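Structure, as structure tokens:
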Amino acid sequence: MKVVTTKKELISWINDFRKEGKTIGLVPTMGALHEGHLSLVKECKKNTDIAVVSIFVNPTQFNDPEDLKRYPRTPEKDTSLLDTIGCDLIFLPTVEEVYPEKDTRKFNFGYLETIMEGARRPGHFNGVGQVVSRLFDIVSPDKAYFGMKDFQQIAIIKNMVKQLNYKIDIVSCPIIREESGLALSSRNTLLDEDHRKNAPHIYATLKKARNLVARMSVNDLKKWITDQIDSNPYLKTEYVEIVDDTTLQLIEDWREKNNKVVCVAVHAGKIRLIDNIIL
Ligand code: PAF
């Protein structure tokens, strides 16, 4: 496994692989890797010849400077984990390497950025668009892999791929959960013991909600989920939305034909967690 920190080295390796006729898969990450990330790399290894993983805590997608400061960083552990699962190439750049000058591009994701994470974290998806498009330009992968925990992010990235005409296949991979049901997230390591113990209540509620669809209206179910989560003194919901799984349009009536997904953001003390379940 090779670890490179500059675009020049990375591009030179990619060019060599391309000359050998190899296909390239990219797994963009912000590090603090867990089994969820590793599942993306494993999927990538199944479908492409070379698995490239980028580890970069992207400052432009943090709308809260405190959140950026406390975001976990474990590069040594990450590199050894990736080595054990056969990753081929790690890109571990500095901020200056990714942004030699300020990125002033403003994406227009339209409706997609007006709801859920987009509405609550102004500028977040613009930053995601900036960094992912830079990574795509540097690596030129055939496929790129993203986890479905960040459900809205996948819709944003697919939209960006269309806008910028990338010929890259975006592969969404299922959420990986602990045995307790808690969705794996780098932020879980920041939870204190009490919040850690109570966080699985989020998914337990989503699972119960799935069985209530036939018995409640959309709005009643959203209220039921909010009340259930908030009945736990360690948790406070920020939003509960039920959306179309492709367009992310808000669902108002179960009779709408499309596949539906419940998305939630929940505060567990100072840590904000997101999760979702397909109905
Ligand atoms: O999902 C993430 O970890 C990040 O948003 C991503 C896609 C790596 C961009 O920084």
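Ligands are numbered from 1 in the order shown, residues from 1 within each chain, and chains are lettered A, B, ... in the order they appear in the structure tokens.
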
**Study point:** Surroundings of ligand 1 up to 10 Å, based on only C-alpha atoms and all ligand atoms, as a PyMOL selection string
**Key:** chain A and resi 27-33+37+53-62+124-125+127-133+135+144-151+153-154+157+185-186

Selected residues written out, N, CA and C atoms, as a short mmCIF file (atom, residue, chain, number, x, y, z; two decimals), in the first residue's frame:
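Saved the output as out.cif:
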```cif
data_model
loop_
_atom_site.label_atom_id
_atom_site.label_comp_id
_atom_site.auth_asym_id
_atom_site.auth_seq_id
_atom_site.Cartn_x
_atom_site.Cartn_y
_atom_site.Cartn_z
N VAL A 27 -12.59 6.10 -2.58
CA VAL A 27 -13.42 6.20 -1.37
C VAL A 27 -12.97 7.48 -0.64
N PRO A 28 -13.74 8.57 -0.80
CA PRO A 28 -13.34 9.80 -0.10
C PRO A 28 -13.75 9.70 1.38
N THR A 29 -12.85 10.03 2.30
CA THR A 29 -13.19 9.99 3.73
C THR A 29 -12.58 11.19 4.43
N MET A 30 -13.03 11.39 5.67
CA MET A 30 -12.39 12.40 6.51
C MET A 30 -11.62 11.71 7.64
N GLY A 31 -11.30 10.43 7.44
CA GLY A 31 -10.50 9.70 8.43
C GLY A 31 -11.31 9.26 9.63
N ALA A 32 -10.59 8.95 10.74
CA ALA A 32 -11.20 8.35 11.93
C ALA A 32 -12.04 7.15 11.46
N LEU A 33 -11.38 6.28 10.74
CA LEU A 33 -12.08 5.22 10.02
C LEU A 33 -12.68 4.16 10.94
N HIS A 37 -16.51 2.73 6.90
CA HIS A 37 -15.58 3.12 5.84
C HIS A 37 -14.95 1.88 5.20
N VAL A 53 -8.05 5.58 -1.32
CA VAL A 53 -8.81 6.19 -0.21
C VAL A 53 -8.19 7.55 0.09
N SER A 54 -9.03 8.58 0.11
CA SER A 54 -8.51 9.89 0.52
C SER A 54 -8.91 10.13 1.97
N ILE A 55 -7.98 10.68 2.73
CA ILE A 55 -8.25 11.03 4.13
C ILE A 55 -7.97 12.51 4.26
N PHE A 56 -9.04 13.28 4.40
CA PHE A 56 -8.86 14.74 4.44
C PHE A 56 -10.03 15.35 5.18
N VAL A 57 -9.75 15.99 6.31
CA VAL A 57 -10.81 16.68 7.05
C VAL A 57 -10.99 18.03 6.36
N ASN A 58 -12.06 18.12 5.59
CA ASN A 58 -12.24 19.25 4.69
C ASN A 58 -12.82 20.47 5.42
N PRO A 59 -11.99 21.51 5.61
CA PRO A 59 -12.49 22.65 6.41
C PRO A 59 -13.69 23.35 5.78
N THR A 60 -13.81 23.31 4.43
CA THR A 60 -14.86 24.13 3.82
C THR A 60 -16.27 23.57 4.03
N GLN A 61 -16.38 22.34 4.56
CA GLN A 61 -17.73 21.79 4.76
C GLN A 61 -18.20 21.89 6.21
N PHE A 62 -17.35 22.51 7.07
CA PHE A 62 -17.75 22.68 8.48
C PHE A 62 -18.31 24.08 8.66
N HIS A 124 -22.56 23.82 4.10
CA HIS A 124 -21.99 22.48 4.25
C HIS A 124 -21.89 21.75 2.91
N PHE A 125 -22.99 21.71 2.18
CA PHE A 125 -22.95 20.95 0.93
C PHE A 125 -22.12 21.64 -0.14
N GLY A 127 -19.33 23.06 0.50
CA GLY A 127 -17.99 22.56 0.84
C GLY A 127 -17.78 21.13 0.41
N VAL A 128 -18.82 20.30 0.56
CA VAL A 128 -18.72 18.90 0.11
C VAL A 128 -18.50 18.89 -1.41
N GLY A 129 -19.28 19.71 -2.13
CA GLY A 129 -19.14 19.80 -3.59
C GLY A 129 -17.71 20.22 -3.96
N GLN A 130 -17.18 21.21 -3.24
CA GLN A 130 -15.83 21.71 -3.56
C GLN A 130 -14.80 20.60 -3.41
N VAL A 131 -14.83 19.91 -2.26
CA VAL A 131 -13.76 18.94 -2.02
C VAL A 131 -13.94 17.70 -2.90
N VAL A 132 -15.18 17.23 -3.05
CA VAL A 132 -15.37 16.00 -3.82
C VAL A 132 -15.02 16.26 -5.29
N SER A 133 -15.36 17.43 -5.82
CA SER A 133 -15.02 17.69 -7.22
C SER A 133 -13.50 17.80 -7.38
N LEU A 135 -11.29 16.18 -5.58
CA LEU A 135 -10.78 14.80 -5.52
C LEU A 135 -11.06 14.07 -6.83
N ALA A 144 -16.94 5.94 -7.50
CA ALA A 144 -16.66 6.52 -6.19
C ALA A 144 -17.72 6.02 -5.22
N TYR A 145 -17.30 5.75 -3.99
CA TYR A 145 -18.14 5.03 -3.02
C TYR A 145 -18.50 5.93 -1.84
N PHE A 146 -19.80 5.93 -1.49
CA PHE A 146 -20.28 6.77 -0.38
C PHE A 146 -21.27 5.96 0.46
N GLY A 147 -21.28 6.25 1.77
CA GLY A 147 -22.15 5.51 2.68
C GLY A 147 -23.54 6.16 2.76
N MET A 148 -24.55 5.30 2.90
CA MET A 148 -25.93 5.80 2.91
C MET A 148 -26.34 6.48 4.22
N LYS A 149 -25.47 6.45 5.22
CA LYS A 149 -25.81 7.21 6.44
C LYS A 149 -25.98 8.69 6.07
N ASP A 150 -25.09 9.14 5.16
CA ASP A 150 -25.20 10.52 4.67
C ASP A 150 -26.06 10.51 3.42
N PHE A 151 -27.33 10.23 3.62
CA PHE A 151 -28.26 9.99 2.52
C PHE A 151 -28.36 11.20 1.58
N GLN A 153 -26.24 13.61 1.26
CA GLN A 153 -24.94 13.88 0.61
C GLN A 153 -24.84 13.12 -0.72
N ILE A 154 -25.37 11.89 -0.74
CA ILE A 154 -25.29 11.11 -1.98
C ILE A 154 -26.10 11.80 -3.08
N ILE A 157 -24.10 14.71 -4.32
CA ILE A 157 -22.95 14.33 -5.16
C ILE A 157 -23.42 13.87 -6.53
N SER A 185 -20.29 5.90 13.01
CA SER A 185 -19.95 7.27 12.61
C SER A 185 -18.66 7.65 13.34
N SER A 186 -17.82 8.41 12.66
CA SER A 186 -16.58 8.86 13.32
C SER A 186 -16.93 9.68 14.56
#
```

Practice item. Mind the document's chain letters and residue numbers, and return as a list of chain:residue names the residues of stretch 28-141 of chain A that DSSP labels strand (DSSP E). Key: A:Pro28, A:Thr29, A:Ile50, A:Ala51, A:Val52, A:Val53, A:Ser54, A:Ile55, A:Leu89, A:Ile90, A:Phe91

Keeping all heavy atoms for every residue in the selection just given, could you write it to a file as a PDB file, in the first residue's frame?
```pdb
ATOM      1  N   PRO A  28     -13.737   8.572  -0.800  1.00  0.00           N
ATOM      2  CA  PRO A  28     -13.344   9.795  -0.099  1.00  0.00           C
ATOM      3  C   PRO A  28     -13.753   9.697   1.379  1.00  0.00           C
ATOM      4  O   PRO A  28     -14.889   9.303   1.674  1.00  0.00           O
ATOM      5  CB  PRO A  28     -14.168  10.899  -0.786  1.00  0.00           C
ATOM      6  CG  PRO A  28     -14.781  10.259  -1.993  1.00  0.00           C
ATOM      7  CD  PRO A  28     -14.875   8.802  -1.689  1.00  0.00           C
ATOM      8  N   THR A  29     -12.851  10.033   2.301  1.00  0.00           N
ATOM      9  CA  THR A  29     -13.190   9.988   3.730  1.00  0.00           C
ATOM     10  C   THR A  29     -12.576  11.193   4.435  1.00  0.00           C
ATOM     11  O   THR A  29     -11.690  11.856   3.889  1.00  0.00           O
ATOM     12  CB  THR A  29     -12.653   8.718   4.442  1.00  0.00           C
ATOM     13  OG1 THR A  29     -11.256   8.920   4.776  1.00  0.00           O
ATOM     14  CG2 THR A  29     -12.802   7.469   3.603  1.00  0.00           C
ATOM     15  N   ILE A  50      -8.043  -0.924  -8.602  1.00  0.00           N
ATOM     16  CA  ILE A  50      -7.235  -0.167  -7.637  1.00  0.00           C
ATOM     17  C   ILE A  50      -8.165   0.611  -6.704  1.00  0.00           C
ATOM     18  O   ILE A  50      -9.033   1.362  -7.165  1.00  0.00           O
ATOM     19  CB  ILE A  50      -6.307   0.830  -8.389  1.00  0.00           C
ATOM     20  CG1 ILE A  50      -5.367   0.079  -9.341  1.00  0.00           C
ATOM     21  CG2 ILE A  50      -5.536   1.736  -7.429  1.00  0.00           C
ATOM     22  CD1 ILE A  50      -4.326  -0.783  -8.660  1.00  0.00           C
ATOM     23  N   ALA A  51      -7.965   0.429  -5.394  1.00  0.00           N
ATOM     24  CA  ALA A  51      -8.781   1.176  -4.421  1.00  0.00           C
ATOM     25  C   ALA A  51      -7.949   2.327  -3.851  1.00  0.00           C
ATOM     26  O   ALA A  51      -6.913   2.111  -3.222  1.00  0.00           O
ATOM     27  CB  ALA A  51      -9.226   0.247  -3.294  1.00  0.00           C
ATOM     28  N   VAL A  52      -8.430   3.549  -4.114  1.00  0.00           N
ATOM     29  CA  VAL A  52      -7.764   4.745  -3.587  1.00  0.00           C
ATOM     30  C   VAL A  52      -8.639   5.301  -2.465  1.00  0.00           C
ATOM     31  O   VAL A  52      -9.854   5.469  -2.647  1.00  0.00           O
ATOM     32  CB  VAL A  52      -7.624   5.827  -4.689  1.00  0.00           C
ATOM     33  CG1 VAL A  52      -6.921   7.073  -4.165  1.00  0.00           C
ATOM     34  CG2 VAL A  52      -6.903   5.272  -5.909  1.00  0.00           C
ATOM     35  N   VAL A  53      -8.046   5.582  -1.316  1.00  0.00           N
ATOM     36  CA  VAL A  53      -8.808   6.188  -0.211  1.00  0.00           C
ATOM     37  C   VAL A  53      -8.192   7.550   0.091  1.00  0.00           C
ATOM     38  O   VAL A  53      -6.964   7.647   0.267  1.00  0.00           O
ATOM     39  CB  VAL A  53      -8.756   5.299   1.059  1.00  0.00           C
ATOM     40  CG1 VAL A  53      -9.454   5.992   2.230  1.00  0.00           C
ATOM     41  CG2 VAL A  53      -9.401   3.942   0.795  1.00  0.00           C
ATOM     42  N   SER A  54      -9.029   8.585   0.109  1.00  0.00           N
ATOM     43  CA  SER A  54      -8.508   9.889   0.523  1.00  0.00           C
ATOM     44  C   SER A  54      -8.911  10.127   1.972  1.00  0.00           C
ATOM     45  O   SER A  54     -10.028   9.772   2.377  1.00  0.00           O
ATOM     46  CB  SER A  54      -9.034  11.004  -0.383  1.00  0.00           C
ATOM     47  OG  SER A  54     -10.444  11.040  -0.311  1.00  0.00           O
ATOM     48  N   ILE A  55      -7.976  10.677   2.730  1.00  0.00           N
ATOM     49  CA  ILE A  55      -8.254  11.026   4.131  1.00  0.00           C
ATOM     50  C   ILE A  55      -7.966  12.513   4.263  1.00  0.00           C
ATOM     51  O   ILE A  55      -6.807  12.942   4.192  1.00  0.00           O
ATOM     52  CB  ILE A  55      -7.349  10.227   5.094  1.00  0.00           C
ATOM     53  CG1 ILE A  55      -7.598   8.727   4.925  1.00  0.00           C
ATOM     54  CG2 ILE A  55      -7.570  10.675   6.536  1.00  0.00           C
ATOM     55  CD1 ILE A  55      -6.739   7.846   5.828  1.00  0.00           C
ATOM     56  N   LEU A  89      -3.860   2.584  -2.363  1.00  0.00           N
ATOM     57  CA  LEU A  89      -3.236   3.913  -2.373  1.00  0.00           C
ATOM     58  C   LEU A  89      -4.008   4.831  -1.433  1.00  0.00           C
ATOM     59  O   LEU A  89      -5.242   4.928  -1.524  1.00  0.00           O
ATOM     60  CB  LEU A  89      -3.307   4.417  -3.831  1.00  0.00           C
ATOM     61  CG  LEU A  89      -2.659   5.698  -4.257  1.00  0.00           C
ATOM     62  CD1 LEU A  89      -1.212   5.791  -3.812  1.00  0.00           C
ATOM     63  CD2 LEU A  89      -2.712   5.809  -5.785  1.00  0.00           C
ATOM     64  N   ILE A  90      -3.284   5.483  -0.506  1.00  0.00           N
ATOM     65  CA  ILE A  90      -3.943   6.460   0.387  1.00  0.00           C
ATOM     66  C   ILE A  90      -3.456   7.851   0.007  1.00  0.00           C
ATOM     67  O   ILE A  90      -2.252   8.072  -0.163  1.00  0.00           O
ATOM     68  CB  ILE A  90      -3.587   6.212   1.871  1.00  0.00           C
ATOM     69  CG1 ILE A  90      -3.933   4.795   2.290  1.00  0.00           C
ATOM     70  CG2 ILE A  90      -4.289   7.209   2.787  1.00  0.00           C
ATOM     71  CD1 ILE A  90      -3.645   4.505   3.755  1.00  0.00           C
ATOM     72  N   PHE A  91      -4.394   8.758  -0.093  1.00  0.00           N
ATOM     73  CA  PHE A  91      -4.059  10.168  -0.344  1.00  0.00           C
ATOM     74  C   PHE A  91      -4.336  10.931   0.936  1.00  0.00           C
ATOM     75  O   PHE A  91      -5.477  10.996   1.394  1.00  0.00           O
ATOM     76  CB  PHE A  91      -4.926  10.691  -1.498  1.00  0.00           C
ATOM     77  CG  PHE A  91      -4.629  12.113  -1.900  1.00  0.00           C
ATOM     78  CD1 PHE A  91      -3.320  12.580  -1.992  1.00  0.00           C
ATOM     79  CD2 PHE A  91      -5.669  12.989  -2.219  1.00  0.00           C
ATOM     80  CE1 PHE A  91      -3.046  13.891  -2.380  1.00  0.00           C
ATOM     81  CE2 PHE A  91      -5.411  14.303  -2.621  1.00  0.00           C
ATOM     82  CZ  PHE A  91      -4.092  14.746  -2.693  1.00  0.00           C
TER      83      PHE A  91
END
```

Give me, as CSV, the closest atom pair and its distance (Å, one decimal) for every residue of stretch 93-193 of chain A within a cut-off of 12 Å of stretch 222-237 of chain A, counting only C-alpha atoms, rows sorted by chain and rising number.
```
residue,atom,partner,partner_atom,distance
A:Leu191,CA,A:Tyr234,CA,10.9
A:Asp192,CA,A:Tyr234,CA,10.6
A:Glu193,CA,A:Tyr234,CA,10.8
```

Exercise for review: Find the residues around A:Thr23 up to 8 Å (only C-alpha atoms counted), leave out those fewer than 2 positions away in its own chain, and share them as a PyMOL selection string.
Suggested key: chain A and resi 17-18+21+25+48-50+141-142

With N, CA, C and O atoms retained, could you export that selection as an mmCIF file, in the first residue's frame?
```cif
data_model
loop_
_atom_site.group_PDB
_atom_site.id
_atom_site.type_symbol
_atom_site.label_atom_id
_atom_site.label_comp_id
_atom_site.auth_asym_id
_atom_site.auth_seq_id
_atom_site.Cartn_x
_atom_site.Cartn_y
_atom_site.Cartn_z
ATOM 1 N N PHE A 17 -1.082 3.252 -13.153
ATOM 2 C CA PHE A 17 -2.137 2.223 -13.116
ATOM 3 C C PHE A 17 -2.969 2.262 -14.399
ATOM 4 O O PHE A 17 -3.328 1.235 -14.966
ATOM 5 N N ARG A 18 -3.273 3.477 -14.848
ATOM 6 C CA ARG A 18 -4.075 3.626 -16.076
ATOM 7 C C ARG A 18 -3.347 3.004 -17.267
ATOM 8 O O ARG A 18 -3.973 2.350 -18.104
ATOM 9 N N GLY A 21 -3.917 -0.396 -17.762
ATOM 10 C CA GLY A 21 -5.310 -0.719 -18.098
ATOM 11 C C GLY A 21 -6.177 -0.976 -16.870
ATOM 12 O O GLY A 21 -7.246 -1.590 -16.981
ATOM 13 N N GLY A 25 -11.051 2.963 -8.293
ATOM 14 C CA GLY A 25 -12.177 3.310 -7.421
ATOM 15 C C GLY A 25 -11.692 4.264 -6.340
ATOM 16 O O GLY A 25 -10.565 4.135 -5.859
ATOM 17 N N THR A 48 -13.377 -2.632 -8.656
ATOM 18 C CA THR A 48 -12.344 -1.932 -9.443
ATOM 19 C C THR A 48 -10.978 -2.550 -9.118
ATOM 20 O O THR A 48 -10.814 -3.187 -8.076
ATOM 21 N N ASP A 49 -10.004 -2.320 -9.994
ATOM 22 C CA ASP A 49 -8.684 -2.936 -9.784
ATOM 23 C C ASP A 49 -7.911 -2.254 -8.665
ATOM 24 O O ASP A 49 -7.208 -2.894 -7.899
ATOM 25 N N ILE A 50 -8.043 -0.924 -8.602
ATOM 26 C CA ILE A 50 -7.235 -0.167 -7.637
ATOM 27 C C ILE A 50 -8.165 0.611 -6.704
ATOM 28 O O ILE A 50 -9.033 1.362 -7.165
ATOM 29 N N PRO A 141 -11.543 8.909 -10.917
ATOM 30 C CA PRO A 141 -11.906 7.503 -10.712
ATOM 31 C C PRO A 141 -12.980 7.049 -11.695
ATOM 32 O O PRO A 141 -13.709 7.868 -12.260
ATOM 33 N N ASP A 142 -13.102 5.727 -11.868
ATOM 34 C CA ASP A 142 -14.224 5.177 -12.638
ATOM 35 C C ASP A 142 -15.461 5.125 -11.759
ATOM 36 O O ASP A 142 -16.585 5.297 -12.223
#
```

Point to revise | Selection near A:Leu112, 10 Å with only C-alpha atoms, sequence-local residues under 4 positions removed, as a ChimeraX atom specification | key: /A:108,116-119,125,152-153,155-156,159,247-249

Practice item. Mind listing the helix (DSSP H, G or I) residues of stretch 4-251 of chain A, per DSSP on the backbone, as a count of residues only? Key: 127

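Here the question is which of A:Leu182, A:Pro93, A:His195, A:Asp88 gets nearest to A:Pro75 using only C-alpha atoms, and that residue is A:Pro93.
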
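Across the structure, atom CA of A:Glu96 and atom CA of A:Lys69 are spaced 17.2 Å apart.
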
Exercise for review: Would you mind reading off the distance between atom CA of A:Glu43 and atom CA of A:Thr84, one decimal, in Å?
Suggested key: 14.8 Å

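Closest approach to A:Ala199 from the set A:Arg187, A:His34, A:Lys102, A:Arg73 is made by A:Arg187, with distances taken over only C-alpha atoms.
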
Review point. What is the distance, in Å and to one decimal place, between atom CA of A:Lys106 and atom CA of A:Ile11?
Key: 26.0 Å

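Counting only C-alpha atoms, the residue from A:Ile14, A:Val171, A:Leu250, A:Cys263 that sits nearest to A:Asn47 is A:Val171.
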